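Dropping run-v5.cif in here (mmCIF, N, CA and C atoms):
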```cif
data_protein
loop_
_atom_site.label_atom_id
_atom_site.label_comp_id
_atom_site.auth_asym_id
_atom_site.auth_seq_id
_atom_site.Cartn_x
_atom_site.Cartn_y
_atom_site.Cartn_z
N MET A 9 -4.09 -99.64 26.59
CA MET A 9 -4.20 -98.25 26.40
C MET A 9 -5.65 -97.80 26.50
N PRO A 10 -6.18 -97.99 27.62
CA PRO A 10 -7.57 -97.67 27.81
C PRO A 10 -7.81 -96.17 27.88
N ASP A 11 -6.87 -95.33 28.32
CA ASP A 11 -7.08 -93.88 28.45
C ASP A 11 -6.94 -93.14 27.12
N GLU A 12 -6.35 -93.75 26.16
CA GLU A 12 -6.14 -93.09 24.88
C GLU A 12 -7.39 -93.21 24.03
N PRO A 13 -7.73 -92.13 23.29
CA PRO A 13 -8.92 -92.19 22.43
C PRO A 13 -8.67 -93.09 21.24
N SER A 14 -9.74 -93.59 20.73
CA SER A 14 -9.62 -94.47 19.56
C SER A 14 -9.37 -93.63 18.32
N ASN A 15 -9.02 -94.30 17.24
CA ASN A 15 -8.75 -93.59 15.99
C ASN A 15 -9.99 -92.86 15.48
N GLY A 16 -11.13 -93.46 15.61
CA GLY A 16 -12.38 -92.83 15.19
C GLY A 16 -12.67 -91.57 16.00
N GLU A 17 -12.44 -91.68 17.33
CA GLU A 17 -12.67 -90.53 18.18
C GLU A 17 -11.67 -89.43 17.86
N LEU A 18 -10.41 -89.77 17.63
CA LEU A 18 -9.41 -88.78 17.24
C LEU A 18 -9.80 -88.11 15.92
N GLY A 19 -10.30 -88.86 14.99
CA GLY A 19 -10.75 -88.31 13.71
C GLY A 19 -11.87 -87.31 13.89
N ARG A 20 -12.85 -87.65 14.79
CA ARG A 20 -13.95 -86.73 15.05
C ARG A 20 -13.44 -85.45 15.73
N GLN A 21 -12.52 -85.62 16.69
CA GLN A 21 -11.97 -84.45 17.38
C GLN A 21 -11.19 -83.56 16.40
N ILE A 22 -10.44 -84.19 15.51
CA ILE A 22 -9.69 -83.43 14.50
C ILE A 22 -10.65 -82.72 13.56
N SER A 23 -11.73 -83.38 13.17
CA SER A 23 -12.74 -82.76 12.29
C SER A 23 -13.39 -81.58 12.99
N THR A 24 -13.73 -81.76 14.26
CA THR A 24 -14.34 -80.68 15.03
C THR A 24 -13.37 -79.51 15.16
N LEU A 25 -12.11 -79.81 15.47
CA LEU A 25 -11.09 -78.77 15.59
C LEU A 25 -10.89 -78.06 14.25
N HIS A 26 -10.87 -78.85 13.18
CA HIS A 26 -10.70 -78.28 11.84
C HIS A 26 -11.87 -77.35 11.51
N ALA A 27 -13.10 -77.74 11.82
CA ALA A 27 -14.28 -76.92 11.56
C ALA A 27 -14.22 -75.65 12.40
N LEU A 28 -13.80 -75.78 13.67
CA LEU A 28 -13.68 -74.62 14.55
C LEU A 28 -12.64 -73.66 14.02
N LEU A 29 -11.49 -74.19 13.60
CA LEU A 29 -10.43 -73.34 13.06
C LEU A 29 -10.87 -72.66 11.76
N ASP A 30 -11.59 -73.39 10.91
CA ASP A 30 -12.10 -72.78 9.68
C ASP A 30 -13.03 -71.61 10.00
N THR A 31 -13.89 -71.79 11.00
CA THR A 31 -14.81 -70.73 11.40
C THR A 31 -14.04 -69.53 11.93
N ARG A 32 -13.08 -69.80 12.81
CA ARG A 32 -12.28 -68.72 13.40
C ARG A 32 -11.48 -67.97 12.35
N PHE A 33 -10.83 -68.72 11.45
CA PHE A 33 -10.03 -68.07 10.40
C PHE A 33 -10.93 -67.30 9.44
N GLY A 34 -12.14 -67.80 9.21
CA GLY A 34 -13.10 -67.07 8.37
C GLY A 34 -13.47 -65.74 9.00
N GLU A 35 -13.73 -65.75 10.31
CA GLU A 35 -14.03 -64.52 11.03
C GLU A 35 -12.83 -63.57 11.01
N LEU A 36 -11.64 -64.14 11.21
CA LEU A 36 -10.42 -63.33 11.19
C LEU A 36 -10.21 -62.70 9.82
N ASN A 37 -10.40 -63.47 8.76
CA ASN A 37 -10.24 -62.93 7.41
C ASN A 37 -11.26 -61.83 7.12
N THR A 38 -12.48 -62.03 7.61
CA THR A 38 -13.50 -61.00 7.43
C THR A 38 -13.10 -59.71 8.12
N ARG A 39 -12.58 -59.83 9.33
CA ARG A 39 -12.14 -58.64 10.07
C ARG A 39 -10.92 -58.02 9.42
N LEU A 40 -9.98 -58.84 8.95
CA LEU A 40 -8.78 -58.30 8.30
C LEU A 40 -9.12 -57.57 7.01
N ASP A 41 -10.17 -58.01 6.33
CA ASP A 41 -10.59 -57.32 5.11
C ASP A 41 -11.08 -55.91 5.41
N LYS A 42 -11.60 -55.71 6.62
CA LYS A 42 -12.12 -54.41 7.00
C LYS A 42 -11.03 -53.49 7.57
N VAL A 43 -9.92 -54.00 7.97
CA VAL A 43 -8.86 -53.21 8.57
C VAL A 43 -8.09 -52.51 7.46
N VAL A 44 -7.84 -51.23 7.65
CA VAL A 44 -7.11 -50.44 6.67
C VAL A 44 -5.62 -50.53 6.99
N SER A 45 -4.84 -50.71 5.96
CA SER A 45 -3.41 -50.80 6.20
C SER A 45 -2.87 -49.43 6.62
N LEU A 46 -1.73 -49.42 7.26
CA LEU A 46 -1.12 -48.18 7.74
C LEU A 46 -0.77 -47.27 6.58
N ASP A 47 -0.32 -47.84 5.46
CA ASP A 47 0.02 -47.03 4.30
C ASP A 47 -1.20 -46.29 3.77
N VAL A 48 -2.31 -47.02 3.66
CA VAL A 48 -3.54 -46.40 3.17
C VAL A 48 -4.00 -45.32 4.15
N TYR A 49 -3.91 -45.61 5.43
CA TYR A 49 -4.30 -44.64 6.45
C TYR A 49 -3.43 -43.39 6.36
N THR A 50 -2.12 -43.57 6.20
CA THR A 50 -1.20 -42.44 6.10
C THR A 50 -1.51 -41.60 4.87
N ILE A 51 -1.73 -42.27 3.75
CA ILE A 51 -2.04 -41.55 2.51
C ILE A 51 -3.35 -40.78 2.67
N GLN A 52 -4.35 -41.44 3.24
CA GLN A 52 -5.64 -40.79 3.42
C GLN A 52 -5.51 -39.59 4.38
N THR A 53 -4.78 -39.78 5.46
CA THR A 53 -4.60 -38.69 6.42
C THR A 53 -3.88 -37.52 5.77
N THR A 54 -2.85 -37.81 4.99
CA THR A 54 -2.11 -36.75 4.30
C THR A 54 -3.03 -36.01 3.34
N HIS A 55 -3.84 -36.76 2.60
CA HIS A 55 -4.78 -36.14 1.66
C HIS A 55 -5.78 -35.25 2.39
N VAL A 56 -6.31 -35.74 3.50
CA VAL A 56 -7.28 -34.96 4.27
C VAL A 56 -6.62 -33.69 4.80
N GLU A 57 -5.41 -33.79 5.30
CA GLU A 57 -4.70 -32.61 5.81
C GLU A 57 -4.45 -31.60 4.69
N GLN A 58 -4.04 -32.09 3.52
CA GLN A 58 -3.83 -31.19 2.39
C GLN A 58 -5.13 -30.52 1.96
N ARG A 59 -6.18 -31.30 1.93
CA ARG A 59 -7.48 -30.75 1.53
C ARG A 59 -7.96 -29.71 2.53
N LEU A 60 -7.77 -30.00 3.83
CA LEU A 60 -8.15 -29.03 4.86
C LEU A 60 -7.34 -27.74 4.73
N ALA A 61 -6.05 -27.88 4.47
CA ALA A 61 -5.21 -26.70 4.29
C ALA A 61 -5.69 -25.89 3.09
N GLN A 62 -6.02 -26.58 2.00
CA GLN A 62 -6.53 -25.89 0.81
C GLN A 62 -7.85 -25.19 1.10
N LEU A 63 -8.72 -25.88 1.84
CA LEU A 63 -10.01 -25.27 2.20
C LEU A 63 -9.83 -24.05 3.10
N GLN A 64 -8.88 -24.14 4.03
CA GLN A 64 -8.60 -23.00 4.89
C GLN A 64 -8.08 -21.83 4.07
N THR A 65 -7.23 -22.12 3.09
CA THR A 65 -6.73 -21.07 2.21
C THR A 65 -7.88 -20.46 1.42
N ASP A 66 -8.77 -21.30 0.91
CA ASP A 66 -9.92 -20.81 0.16
C ASP A 66 -10.83 -19.96 1.04
N ILE A 67 -11.05 -20.41 2.26
CA ILE A 67 -11.89 -19.66 3.19
C ILE A 67 -11.26 -18.30 3.49
N GLN A 68 -9.94 -18.28 3.70
CA GLN A 68 -9.25 -17.01 3.97
C GLN A 68 -9.35 -16.08 2.77
N ARG A 69 -9.18 -16.65 1.57
CA ARG A 69 -9.28 -15.85 0.35
C ARG A 69 -10.69 -15.26 0.21
N CYS A 70 -11.71 -16.08 0.49
CA CYS A 70 -13.09 -15.60 0.42
C CYS A 70 -13.35 -14.53 1.48
N SER A 71 -12.80 -14.74 2.66
CA SER A 71 -12.96 -13.75 3.72
C SER A 71 -12.30 -12.43 3.33
N ASP A 72 -11.10 -12.49 2.76
CA ASP A 72 -10.42 -11.28 2.31
C ASP A 72 -11.21 -10.59 1.20
N ALA A 73 -11.73 -11.38 0.26
CA ALA A 73 -12.52 -10.81 -0.83
C ALA A 73 -13.79 -10.17 -0.28
N ASN A 74 -14.41 -10.81 0.72
CA ASN A 74 -15.61 -10.26 1.34
C ASN A 74 -15.30 -8.94 2.04
N THR A 75 -14.20 -8.90 2.76
CA THR A 75 -13.79 -7.67 3.45
C THR A 75 -13.53 -6.56 2.44
N GLU A 76 -12.83 -6.90 1.36
CA GLU A 76 -12.54 -5.91 0.33
C GLU A 76 -13.84 -5.40 -0.31
N LEU A 77 -14.77 -6.32 -0.56
CA LEU A 77 -16.05 -5.93 -1.14
C LEU A 77 -16.83 -5.01 -0.20
N GLU A 78 -16.81 -5.33 1.09
CA GLU A 78 -17.49 -4.47 2.07
C GLU A 78 -16.84 -3.09 2.10
N ASN A 79 -15.50 -3.04 2.08
CA ASN A 79 -14.80 -1.76 2.07
C ASN A 79 -15.13 -0.96 0.81
N ASP A 80 -15.15 -1.65 -0.34
CA ASP A 80 -15.49 -0.97 -1.59
C ASP A 80 -16.92 -0.44 -1.55
N PHE A 81 -17.83 -1.23 -0.98
CA PHE A 81 -19.22 -0.79 -0.89
C PHE A 81 -19.35 0.43 0.02
N GLU A 82 -18.64 0.42 1.15
CA GLU A 82 -18.67 1.57 2.05
C GLU A 82 -18.10 2.80 1.36
N GLN A 83 -17.01 2.63 0.60
CA GLN A 83 -16.42 3.74 -0.14
C GLN A 83 -17.40 4.25 -1.19
N TYR A 84 -18.09 3.32 -1.87
CA TYR A 84 -19.09 3.71 -2.86
C TYR A 84 -20.20 4.52 -2.20
N GLN A 85 -20.65 4.08 -1.02
CA GLN A 85 -21.71 4.81 -0.32
C GLN A 85 -21.23 6.22 0.06
N ARG A 86 -19.99 6.34 0.53
CA ARG A 86 -19.45 7.66 0.86
C ARG A 86 -19.36 8.54 -0.39
N ASP A 87 -18.84 7.96 -1.48
CA ASP A 87 -18.71 8.72 -2.73
C ASP A 87 -20.08 9.13 -3.26
N GLU A 88 -21.04 8.21 -3.19
CA GLU A 88 -22.39 8.51 -3.67
C GLU A 88 -23.03 9.60 -2.82
N GLY A 89 -22.83 9.54 -1.51
CA GLY A 89 -23.35 10.58 -0.62
C GLY A 89 -22.73 11.94 -0.94
N LYS A 90 -21.43 11.96 -1.19
CA LYS A 90 -20.74 13.22 -1.53
C LYS A 90 -21.24 13.74 -2.87
N ARG A 91 -21.42 12.83 -3.83
CA ARG A 91 -21.91 13.25 -5.15
C ARG A 91 -23.31 13.85 -5.04
N ARG A 92 -24.15 13.23 -4.24
CA ARG A 92 -25.52 13.74 -4.07
C ARG A 92 -25.51 15.10 -3.36
N GLU A 93 -24.64 15.22 -2.36
CA GLU A 93 -24.54 16.50 -1.65
C GLU A 93 -24.05 17.59 -2.59
N ASP A 94 -23.05 17.28 -3.40
CA ASP A 94 -22.55 18.26 -4.37
C ASP A 94 -23.64 18.64 -5.37
N GLU A 95 -24.39 17.64 -5.83
CA GLU A 95 -25.47 17.90 -6.77
C GLU A 95 -26.57 18.74 -6.14
N ARG A 96 -26.87 18.47 -4.87
CA ARG A 96 -27.88 19.25 -4.15
C ARG A 96 -27.44 20.70 -4.01
N GLN A 97 -26.18 20.91 -3.66
CA GLN A 97 -25.66 22.27 -3.53
C GLN A 97 -25.68 22.99 -4.88
N LYS A 98 -25.32 22.26 -5.92
CA LYS A 98 -25.32 22.86 -7.25
C LYS A 98 -26.73 23.30 -7.64
N ARG A 99 -27.73 22.47 -7.38
CA ARG A 99 -29.11 22.84 -7.69
C ARG A 99 -29.57 24.02 -6.84
N LEU A 100 -29.13 24.02 -5.58
CA LEU A 100 -29.48 25.13 -4.69
C LEU A 100 -28.89 26.43 -5.22
N TYR A 101 -27.62 26.39 -5.61
CA TYR A 101 -26.98 27.59 -6.16
C TYR A 101 -27.65 28.02 -7.46
N GLN A 102 -28.06 27.05 -8.27
CA GLN A 102 -28.72 27.39 -9.53
C GLN A 102 -30.07 28.05 -9.28
N ALA A 103 -30.69 27.77 -8.17
CA ALA A 103 -31.97 28.40 -7.85
C ALA A 103 -31.78 29.71 -7.09
N VAL A 104 -30.79 29.76 -6.19
CA VAL A 104 -30.62 30.92 -5.32
C VAL A 104 -29.92 32.07 -6.05
N VAL A 105 -28.88 31.80 -6.80
CA VAL A 105 -28.09 32.88 -7.44
C VAL A 105 -28.95 33.70 -8.41
N PRO A 106 -29.71 33.09 -9.32
CA PRO A 106 -30.54 33.94 -10.19
C PRO A 106 -31.58 34.74 -9.40
N SER A 107 -32.13 34.14 -8.33
CA SER A 107 -33.10 34.86 -7.51
C SER A 107 -32.45 36.06 -6.84
N LEU A 108 -31.24 35.87 -6.32
CA LEU A 108 -30.52 36.99 -5.68
C LEU A 108 -30.19 38.07 -6.71
N LEU A 109 -29.76 37.67 -7.90
CA LEU A 109 -29.45 38.65 -8.94
C LEU A 109 -30.70 39.45 -9.31
N CYS A 110 -31.81 38.73 -9.40
CA CYS A 110 -33.08 39.40 -9.70
C CYS A 110 -33.43 40.38 -8.59
N LEU A 111 -33.25 39.97 -7.36
CA LEU A 111 -33.54 40.82 -6.21
C LEU A 111 -32.62 42.03 -6.20
N VAL A 112 -31.32 41.82 -6.41
CA VAL A 112 -30.36 42.93 -6.41
C VAL A 112 -30.68 43.89 -7.55
N THR A 113 -31.00 43.37 -8.71
CA THR A 113 -31.34 44.21 -9.86
C THR A 113 -32.59 45.03 -9.56
N SER A 114 -33.58 44.38 -8.93
CA SER A 114 -34.81 45.08 -8.58
C SER A 114 -34.53 46.18 -7.56
N VAL A 115 -33.70 45.89 -6.58
CA VAL A 115 -33.36 46.90 -5.56
C VAL A 115 -32.64 48.07 -6.21
N ILE A 116 -31.72 47.79 -7.12
CA ILE A 116 -30.97 48.88 -7.81
C ILE A 116 -31.95 49.69 -8.66
N ALA A 117 -32.86 49.01 -9.33
CA ALA A 117 -33.82 49.73 -10.18
C ALA A 117 -34.73 50.61 -9.34
N ILE A 118 -35.18 50.07 -8.20
CA ILE A 118 -36.04 50.86 -7.30
C ILE A 118 -35.26 52.03 -6.73
N TRP A 119 -34.04 51.80 -6.32
CA TRP A 119 -33.20 52.86 -5.76
C TRP A 119 -32.95 53.93 -6.79
N ALA A 120 -32.69 53.52 -8.05
CA ALA A 120 -32.45 54.49 -9.12
C ALA A 120 -33.73 55.30 -9.38
N ALA A 121 -34.89 54.65 -9.32
CA ALA A 121 -36.14 55.36 -9.54
C ALA A 121 -36.44 56.32 -8.41
N VAL A 122 -36.16 55.96 -7.19
CA VAL A 122 -36.41 56.78 -6.04
C VAL A 122 -35.42 57.95 -5.99
N ALA A 123 -34.19 57.70 -6.41
CA ALA A 123 -33.14 58.70 -6.35
C ALA A 123 -33.37 59.79 -7.40
N ARG A 124 -34.13 59.65 -8.42
CA ARG A 124 -34.35 60.66 -9.46
C ARG A 124 -35.16 61.73 -8.97
#
```

Now that the file is in, can you turn its structure into structure tokens?
Amino acid sequence: MPDEPSNGELGRQISTLHALLDTRFGELNTRLDKVVSLDVYTIQTTHVEQRLAQLQTDIQRCSDANTELENDFEQYQRDEGKRREDERQKRLYQAVVPSLLCLVTSVIAIWAAVAR
């Protein structure tokens, strides 16, 4: 049996193969430790989708609140402008009406004096 390896050579080949397999399985185990299971991936994906939906709802709520605030501010500006205009007219009338009464009274007094 000259073509067959000796027992010592077979032992060395088996040791080499065993060391190679240990290295390969070690690499495989390292990679498998990093791989996420499908269940974990599904749970994580579901959580992310729910969180995104919640964030979209929050963003929409904030957008609606912002729009409402802008509308309220515009209404406040219109109301404030109207109030100021009313106040301006009131002050104008308070200044003009007594002056006109004084003028009318003076004209009547002058007319009465001239008519005598």

Cut-off 8 Å: closest range 55-111 of chain A/range 115-124 of chain A atom pairs per residue, using all atoms listed in the file, as a tab-separated table:
```
residue	atom	partner	partner_atom	distance
A:Leu109	C	A:Val115	N	7.6
A:Cys110	C	A:Val115	N	5.9
A:Leu111	C	A:Val115	N	4.0
```

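Across the model, the gap from CA of Val105 in chain A to CA of Arg91 in chain A is 20.7 Å.
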
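From CA of Leu60 in chain A back to CA of Leu46 in chain A, the distance works out to 20.6 Å.
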
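One distance worth recording is that between CA of Ala103 in chain A and atom N of Arg86 in chain A, which is 26.5 Å.
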
Fix up range 80-91 of chain A with all heavy atoms, then write it as an mmCIF file, in the coordinates of the input.
```
data_model
loop_
_atom_site.group_PDB
_atom_site.id
_atom_site.type_symbol
_atom_site.label_atom_id
_atom_site.label_comp_id
_atom_site.auth_asym_id
_atom_site.auth_seq_id
_atom_site.Cartn_x
_atom_site.Cartn_y
_atom_site.Cartn_z
ATOM 1 N N ASP A 80 -15.150 -1.650 -0.340
ATOM 2 C CA ASP A 80 -15.490 -0.970 -1.590
ATOM 3 C C ASP A 80 -16.920 -0.440 -1.550
ATOM 4 O O ASP A 80 -17.184 0.672 -2.034
ATOM 5 C CB ASP A 80 -15.327 -1.928 -2.781
ATOM 6 C CG ASP A 80 -13.871 -2.262 -3.079
ATOM 7 O OD1 ASP A 80 -12.973 -1.581 -2.532
ATOM 8 O OD2 ASP A 80 -13.629 -3.208 -3.858
ATOM 9 N N PHE A 81 -17.830 -1.230 -0.980
ATOM 10 C CA PHE A 81 -19.220 -0.790 -0.890
ATOM 11 C C PHE A 81 -19.350 0.430 0.020
ATOM 12 O O PHE A 81 -20.073 1.378 -0.302
ATOM 13 C CB PHE A 81 -20.117 -1.924 -0.403
ATOM 14 C CG PHE A 81 -21.565 -1.561 -0.358
ATOM 15 C CD1 PHE A 81 -22.280 -1.331 -1.528
ATOM 16 C CD2 PHE A 81 -22.228 -1.440 0.856
ATOM 17 C CE1 PHE A 81 -23.625 -0.988 -1.493
ATOM 18 C CE2 PHE A 81 -23.565 -1.100 0.889
ATOM 19 C CZ PHE A 81 -24.267 -0.870 -0.278
ATOM 20 N N GLU A 82 -18.640 0.420 1.150
ATOM 21 C CA GLU A 82 -18.670 1.570 2.050
ATOM 22 C C GLU A 82 -18.100 2.800 1.360
ATOM 23 O O GLU A 82 -18.643 3.903 1.491
ATOM 24 C CB GLU A 82 -17.884 1.263 3.324
ATOM 25 C CG GLU A 82 -18.579 0.283 4.244
ATOM 26 C CD GLU A 82 -17.707 -0.139 5.427
ATOM 27 O OE1 GLU A 82 -16.582 0.387 5.572
ATOM 28 O OE2 GLU A 82 -18.157 -0.989 6.206
ATOM 29 N N GLN A 83 -17.010 2.630 0.600
ATOM 30 C CA GLN A 83 -16.420 3.740 -0.140
ATOM 31 C C GLN A 83 -17.400 4.250 -1.190
ATOM 32 O O GLN A 83 -17.562 5.462 -1.383
ATOM 33 C CB GLN A 83 -15.096 3.326 -0.802
ATOM 34 C CG GLN A 83 -14.384 4.458 -1.507
ATOM 35 C CD GLN A 83 -13.983 5.570 -0.569
ATOM 36 O OE1 GLN A 83 -13.517 5.330 0.542
ATOM 37 N NE2 GLN A 83 -14.177 6.806 -0.995
ATOM 38 N N TYR A 84 -18.090 3.320 -1.870
ATOM 39 C CA TYR A 84 -19.090 3.710 -2.860
ATOM 40 C C TYR A 84 -20.200 4.520 -2.200
ATOM 41 O O TYR A 84 -20.652 5.545 -2.755
ATOM 42 C CB TYR A 84 -19.686 2.461 -3.538
ATOM 43 C CG TYR A 84 -20.922 2.745 -4.337
ATOM 44 C CD1 TYR A 84 -20.845 3.344 -5.588
ATOM 45 C CD2 TYR A 84 -22.180 2.437 -3.813
ATOM 46 C CE1 TYR A 84 -21.993 3.628 -6.307
ATOM 47 C CE2 TYR A 84 -23.326 2.718 -4.529
ATOM 48 C CZ TYR A 84 -23.239 3.310 -5.773
ATOM 49 O OH TYR A 84 -24.373 3.588 -6.484
ATOM 50 N N GLN A 85 -20.650 4.080 -1.020
ATOM 51 C CA GLN A 85 -21.710 4.810 -0.320
ATOM 52 C C GLN A 85 -21.230 6.220 0.060
ATOM 53 O O GLN A 85 -21.989 7.188 -0.080
ATOM 54 C CB GLN A 85 -22.149 4.055 0.929
ATOM 55 C CG GLN A 85 -22.992 2.829 0.619
ATOM 56 C CD GLN A 85 -23.421 2.085 1.875
ATOM 57 O OE1 GLN A 85 -22.669 2.007 2.836
ATOM 58 N NE2 GLN A 85 -24.629 1.542 1.856
ATOM 59 N N ARG A 86 -19.990 6.340 0.530
ATOM 60 C CA ARG A 86 -19.450 7.660 0.860
ATOM 61 C C ARG A 86 -19.360 8.540 -0.390
ATOM 62 O O ARG A 86 -19.760 9.714 -0.378
ATOM 63 C CB ARG A 86 -18.083 7.533 1.527
ATOM 64 C CG ARG A 86 -18.138 7.026 2.961
ATOM 65 C CD ARG A 86 -16.790 7.163 3.657
ATOM 66 N NE ARG A 86 -15.762 6.326 3.074
ATOM 67 C CZ ARG A 86 -15.505 5.072 3.411
ATOM 68 N NH1 ARG A 86 -16.219 4.501 4.366
ATOM 69 N NH2 ARG A 86 -14.539 4.388 2.828
ATOM 70 N N ASP A 87 -18.840 7.960 -1.480
ATOM 71 C CA ASP A 87 -18.710 8.720 -2.730
ATOM 72 C C ASP A 87 -20.080 9.130 -3.260
ATOM 73 O O ASP A 87 -20.258 10.259 -3.740
ATOM 74 C CB ASP A 87 -17.970 7.893 -3.789
ATOM 75 C CG ASP A 87 -16.505 7.665 -3.444
ATOM 76 O OD1 ASP A 87 -15.980 8.364 -2.548
ATOM 77 O OD2 ASP A 87 -15.882 6.775 -4.068
ATOM 78 N N GLU A 88 -21.040 8.210 -3.190
ATOM 79 C CA GLU A 88 -22.390 8.510 -3.670
ATOM 80 C C GLU A 88 -23.030 9.600 -2.820
ATOM 81 O O GLU A 88 -23.690 10.507 -3.339
ATOM 82 C CB GLU A 88 -23.242 7.239 -3.661
ATOM 83 C CG GLU A 88 -24.618 7.391 -4.242
ATOM 84 C CD GLU A 88 -24.626 7.707 -5.730
ATOM 85 O OE1 GLU A 88 -23.617 7.500 -6.419
ATOM 86 O OE2 GLU A 88 -25.682 8.175 -6.211
ATOM 87 N N GLY A 89 -22.830 9.540 -1.510
ATOM 88 C CA GLY A 89 -23.350 10.580 -0.620
ATOM 89 C C GLY A 89 -22.730 11.940 -0.940
ATOM 90 O O GLY A 89 -23.435 12.961 -0.982
ATOM 91 N N LYS A 90 -21.430 11.960 -1.190
ATOM 92 C CA LYS A 90 -20.740 13.220 -1.530
ATOM 93 C C LYS A 90 -21.240 13.740 -2.870
ATOM 94 O O LYS A 90 -21.492 14.946 -3.031
ATOM 95 C CB LYS A 90 -19.229 12.995 -1.584
ATOM 96 C CG LYS A 90 -18.423 14.255 -1.800
ATOM 97 C CD LYS A 90 -16.954 13.961 -1.777
ATOM 98 C CE LYS A 90 -16.096 15.176 -1.916
ATOM 99 N NZ LYS A 90 -16.448 16.077 -2.982
ATOM 100 N N ARG A 91 -21.420 12.830 -3.830
ATOM 101 C CA ARG A 91 -21.910 13.250 -5.150
ATOM 102 C C ARG A 91 -23.310 13.850 -5.040
ATOM 103 O O ARG A 91 -23.606 14.896 -5.623
ATOM 104 C CB ARG A 91 -21.930 12.062 -6.110
ATOM 105 C CG ARG A 91 -22.346 12.434 -7.540
ATOM 106 C CD ARG A 91 -22.628 11.221 -8.383
ATOM 107 N NE ARG A 91 -23.779 10.448 -7.932
ATOM 108 C CZ ARG A 91 -25.060 10.780 -8.149
ATOM 109 N NH1 ARG A 91 -25.364 11.889 -8.779
ATOM 110 N NH2 ARG A 91 -26.033 9.997 -7.727
#
```
